[in-house]
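Take a look at the structure below.
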Amino acid sequence: MIEKLNLENILFLDIETVPEQENFTTLDAEMQALWETKTQYQRKDEFTPEDFYERAGIWAEFGKIVCISVGYFTFKGDIRHFRVTSFFGEEPKILKDFSNLMENHFGKAQHLLCGHNAKEFDIPFIARRMIIHQIAIPSKLNLFGKKPWEVQHLDTLELWKFGDYKHFTSLKLLTKVLGIPSSKGDIDGSQVAHVFYVDQDIDRIITYCEKDVIAVAQVFLRLRREDLLVEDEILHV
C-alpha cells in the first residue's frame, strides 16, 4: 500500500521539546503541585518532583517546542531531492510558521504527515501547544470527530509494528537494523534541554532534529524497498 503513495505528497517531521521553565523552582506553587501529581506514577519513590523535572519536556502541559524540522521530496524527471527546513525561535512563532506551511502547502486531501512515533508524541504535542497559545489548529492536525481511516498521518513506528501494539522500536534501533546511516549527531534526546538552556546552542538542536527527519524519510524509503537518499540529494533550505 505505501508503495503506491506519491512521495511528493508526504511531509516528514520531527520536533524537539524541553521543559517550559529551566528549573522546577521557577514554577509557581500550583504548577509544582500539579507536576508532582502528574508524575507520581512515573517517579514512584525513586525521584523527587524536582529531580524528575528534567523530563518535563515530554508532557505538553509542562514542556514547550524549541524546534520543528520538516522534509519533503521533490522530483524533476529522474532527479530526486529531499528538502529539509526548520522552524525555531519563540514557541508561538514556531507553531504559526509550521501552521502556515501546513495550510498553504500540505493542506490538501492527498497530503500526509509522517514521523516516528508522531501519532503518539509529535502531532498531539504540537496540537496541544497550539491550543495553549490560542493558535488555530490546521485541519490536518485537528482529529476531532474523524474516523481512523480519515486521519491522514503515517507513522514509521506503527508501520514497523505490523499490528503488534505492545512493541516499541526507537528510530535509532530501526535505522541500525535496516542498514541506514545513523541519524544522531553528538547529542541525544535526553541532552536537548541542557543544550538549550545551559549551552544555549539552538543550532546544535536544529542539526539533531533535521537528522531525525532525514532518518524517518530513509526508513520510509526502506519500507518501500527503494534506494536510500545520498548526501547530494539532501538540501537544507
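To be explicit about the labels: the chains of the C-alpha cells are called A, B, and onward in the order shown, and within each one the residues are counted from 1, while ligands get numbers from 1 in the order they are shown.
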Would you please extract all alpha helix (DSSP H) residues from range 163-201 of chain A, as assigned by DSSP on the backbone, and give them as a PyMOL selection string? chain A and resi 171-177+192-194
Using only C-alpha atoms, what table do you get, as JSON lines, when you list each residue of range 86-149 of chain A with an atom no more than 12 Å from range 184-202 of chain A, its nearest pair of atoms, and their distance in Å rounded to one decimal, rows by chain then rising number?
```
{"residue": "A:Ser86", "atom": "CA", "partner": "A:Ile202", "partner_atom": "CA", "distance": 11.1}
{"residue": "A:Phe87", "atom": "CA", "partner": "A:Ile202", "partner_atom": "CA", "distance": 10.9}
{"residue": "A:Phe88", "atom": "CA", "partner": "A:Ile202", "partner_atom": "CA", "distance": 8.1}
{"residue": "A:Gly89", "atom": "CA", "partner": "A:Ile202", "partner_atom": "CA", "distance": 8.7}
{"residue": "A:Glu90", "atom": "CA", "partner": "A:Ile202", "partner_atom": "CA", "distance": 11.6}
```
Between CA of Phe73 in chain A and CA of Glu8 in chain A - distance in Å to one decimal: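 Here the two named atoms are 5.1 Å from each other.
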Show me, as a PyMOL selection string, the residues that have an atom within 10 Å of Arg55 in chain A when counting only C-alpha atoms, minus same-chain residues fewer than 2 positions from it. chain A and resi 17-19+39+51-53+57-59+62-63+190+193
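Within the 7 Å cut-off around Thr85 in chain A, using only C-alpha atoms and omitting residues fewer than 5 positions from it on the same chain, the listed residues are Ser69, Val70, Gly71, His236 and Val237 of chain A.
Atom to atom, CA of Lys64 in chain A and CA of Leu95 in chain A stand 10.6 Å apart.
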I want to know what sits within 10 Å of Asp232 in chain A, based on only C-alpha atoms, with residues of the same chain fewer than 2 positions away left out; could you give that as a list in words?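 With the cut-off at 10 Å, the set is Arg80, His81, Phe82, Leu229, Val230, Ile234 and Leu235 of chain A.
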Suppose you want the space between CA of Glu22 in chain A and CA of Ala56 in chain A; what is it in Å?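 That distance, rounded to one decimal, is 9.9 Å.
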